[in-house]
Amino acid sequence: FGGLVMVAGTPRAVDGARAEALAGAARACGLALVGVFRDEDAMEVAVKARTLGLAAVQLHGEEDAGYIRRLRGLLPEGVEIWAAGAVGETVPEPRAGADRVLFDTAVGGRSGGTGTTFDWALLDKRGELDRSILAGGLNAGNAFAASRVGAYALDVGSGVEGSPGRKDGERLRAFFEALRVPVRGEIG
């Protein structure tokens, strides 16, 4: 998946025209897209999901079960809803109605883009990790260990950036290389 951050005022935000151009490029190479939203009107989220051909919408605000229910009724069929949960000392319960939960680190009352990991051992007691996404401070140094947690996907952002909002090709390459599992003939 590739992510389009649709939260104005954040370092990774893309506006409508840029999002449409990126969505077209993603479709051309078969990359499924996730739109990231925070406390945006459900109808607006659904319109953007349809216009951009999103595979999922990722909610990072205070969207409750009622909002998720309304949004589901507005989204094109097959578009998943992923709801972020901020992990501090404890792991939050998934939001009702969401298809997947994204676990991200809570730092100073905010989550997302902090570059900080949380204690992944907190997830050991959770069921349904295969429906979860792991985020928070992921980089080449911890990518392989993160992949062993058992989540459905890893959400990498600031850990592969050269500056806020700008992905660095070498850091991305190192991240994906770290995820590779050695196969027979490659070991030692």
# chains A, B, ... in the order shown; residues from 1 in each chain; ligands from 1
$ residues_around --residues "Met43 in chain A" --least-positions-apart "2" --cutoff "12 Å" --atoms "only C-alpha atoms" --output "list in words"
Asp39, Glu40, Asp41, Val45, Ala46, Val47, Lys48, Ala49, Arg50, Tyr67, Ile68, Arg70, Leu71, Arg72, Gly73, Leu74, Leu75 and Pro76 of chain A
$ residues_around --residues "range 9-15 of chain A" --least-positions-apart "3" --cutoff "6 Å" --atoms "only C-alpha atoms" --output "list in words"
Val5, Met6, Arg18, Ala19, Pro164 and Gly165 of chain A
$ closest_residue --among "A:Leu54, A:Ile81, A:Ala42, A:Ala28" --to "Leu4 in chain A" --atoms "only C-alpha atoms"
A:Leu54
$ residues_around --residues "Phe175 in chain A" --least-positions-apart "6" --cutoff "7 Å" --atoms "only C-alpha atoms" --output "PyMOL selection string"
chain A and resi 139-140+143
$ select_by_dssp --residues "range 73-187 of chain A" --states "helix (DSSP H, G or I)" --output "PyMOL selection string"
chain A and resi 73-74+120-123+129-131+143-147+158-160+169-179
$ write_last_selection --atoms "C-alpha atoms" --output "PDB file, in the first residue's frame"
ATOM      1  CA  GLY A  73     -22.575   3.499   4.043  1.00  0.00           C
ATOM      2  CA  LEU A  74     -20.993   6.209   1.883  1.00  0.00           C
ATOM      3  CA  TRP A 120       5.530  -4.244  20.989  1.00  0.00           C
ATOM      4  CA  ALA A 121       5.265  -6.795  23.804  1.00  0.00           C
ATOM      5  CA  LEU A 122       2.015  -4.994  24.706  1.00  0.00           C
ATOM      6  CA  LEU A 123       0.526  -6.625  21.600  1.00  0.00           C
ATOM      7  CA  LEU A 129      -2.950  -9.251  15.024  1.00  0.00           C
ATOM      8  CA  ASP A 130      -3.407 -10.408  11.448  1.00  0.00           C
ATOM      9  CA  ARG A 131      -5.997  -7.592  11.138  1.00  0.00           C
ATOM     10  CA  ALA A 143      12.057  -3.468  10.378  1.00  0.00           C
ATOM     11  CA  PHE A 144      12.774  -7.185  10.637  1.00  0.00           C
ATOM     12  CA  ALA A 145      11.838  -7.327  14.351  1.00  0.00           C
ATOM     13  CA  ALA A 146       8.649  -5.385  13.559  1.00  0.00           C
ATOM     14  CA  SER A 147       7.762  -7.883  10.844  1.00  0.00           C
ATOM     15  CA  SER A 158       9.247   9.288   9.407  1.00  0.00           C
ATOM     16  CA  GLY A 159      11.731   6.424   9.761  1.00  0.00           C
ATOM     17  CA  VAL A 160      12.485   6.547   6.029  1.00  0.00           C
ATOM     18  CA  GLY A 169      15.415   6.536  -1.437  1.00  0.00           C
ATOM     19  CA  GLU A 170      18.363   5.016   0.416  1.00  0.00           C
ATOM     20  CA  ARG A 171      16.419   4.771   3.686  1.00  0.00           C
ATOM     21  CA  LEU A 172      13.495   3.150   1.871  1.00  0.00           C
ATOM     22  CA  ARG A 173      15.816   0.681   0.169  1.00  0.00           C
ATOM     23  CA  ALA A 174      17.480  -0.163   3.508  1.00  0.00           C
ATOM     24  CA  PHE A 175      14.063  -0.641   5.149  1.00  0.00           C
ATOM     25  CA  PHE A 176      12.858  -3.093   2.507  1.00  0.00           C
ATOM     26  CA  GLU A 177      16.210  -4.865   2.400  1.00  0.00           C
ATOM     27  CA  ALA A 178      15.988  -5.373   6.183  1.00  0.00           C
ATOM     28  CA  LEU A 179      12.613  -7.086   5.700  1.00  0.00           C
TER      29      LEU A 179
END
$ residues_around --residues "range 152-156 of chain A" --least-positions-apart "2" --cutoff "6 Å" --atoms "only C-alpha atoms" --output "PDB file with N, CA and C atoms, in the first residue's frame"
ATOM      1  N   ASP A 130      -3.407 -10.329  12.905  1.00  0.00           N
ATOM      2  CA  ASP A 130      -3.407 -10.408  11.448  1.00  0.00           C
ATOM      3  C   ASP A 130      -4.337  -9.371  10.817  1.00  0.00           C
ATOM      4  N   ARG A 131      -5.132  -8.678  11.620  1.00  0.00           N
ATOM      5  CA  ARG A 131      -5.997  -7.592  11.138  1.00  0.00           C
ATOM      6  C   ARG A 131      -5.470  -6.235  11.596  1.00  0.00           C
ATOM      7  N   SER A 132      -4.247  -6.221  12.112  1.00  0.00           N
ATOM      8  CA  SER A 132      -3.671  -5.000  12.669  1.00  0.00           C
ATOM      9  C   SER A 132      -2.516  -4.492  11.814  1.00  0.00           C
ATOM     10  N   ILE A 133      -2.269  -3.203  11.937  1.00  0.00           N
ATOM     11  CA  ILE A 133      -1.153  -2.563  11.255  1.00  0.00           C
ATOM     12  C   ILE A 133      -0.256  -1.968  12.334  1.00  0.00           C
ATOM     13  N   LEU A 134       1.034  -2.191  12.223  1.00  0.00           N
ATOM     14  CA  LEU A 134       1.995  -1.706  13.207  1.00  0.00           C
ATOM     15  C   LEU A 134       2.675  -0.456  12.669  1.00  0.00           C
ATOM     16  N   ALA A 135       2.660   0.601  13.453  1.00  0.00           N
ATOM     17  CA  ALA A 135       3.296   1.865  13.079  1.00  0.00           C
ATOM     18  C   ALA A 135       4.070   2.397  14.282  1.00  0.00           C
ATOM     19  N   LEU A 138       9.166   3.057  12.884  1.00  0.00           N
ATOM     20  CA  LEU A 138       9.745   1.955  12.106  1.00  0.00           C
ATOM     21  C   LEU A 138      10.835   2.485  11.176  1.00  0.00           C
TER      22      LEU A 138
END
$ closest_residue --among "A:Ala23, A:Leu31, A:Ala151, A:Ala55" --to "Arg126 in chain A" --atoms "only C-alpha atoms"
A:Ala151
$ atom_distance --atom1 "CA of Pro94 in chain A" --atom2 "CA of Trp82 in chain A"
9.6 Å
$ residues_around --residues "Glu93 in chain A" --least-positions-apart "6" --cutoff "12 Å" --atoms "only C-alpha atoms" --output "ChimeraX atom specification"
/A:83-87,100-103,123,126-128,132
$ closest_residue --among "A:Ala106, A:Val36, A:Gly61, A:Gly2" --to "Leu22 in chain A" --atoms "only C-alpha atoms"
A:Gly2
$ closest_residue --among "A:Gly137, A:Ala65, A:Arg166, A:Arg38" --to "Ala8 in chain A" --atoms "only C-alpha atoms"
A:Arg38
$ atom_distance --atom1 "CA of Gly24 in chain A" --atom2 "CA of Leu52 in chain A"
8.0 Å
$ select_by_dssp --residues "range 1-179 of chain A" --states "strand (DSSP E or B)" --output "ChimeraX atom specification"
/A:2-5,13,33-37,56-59,80-87,100-107,110-111,132-135,153-155,161-163,166-167
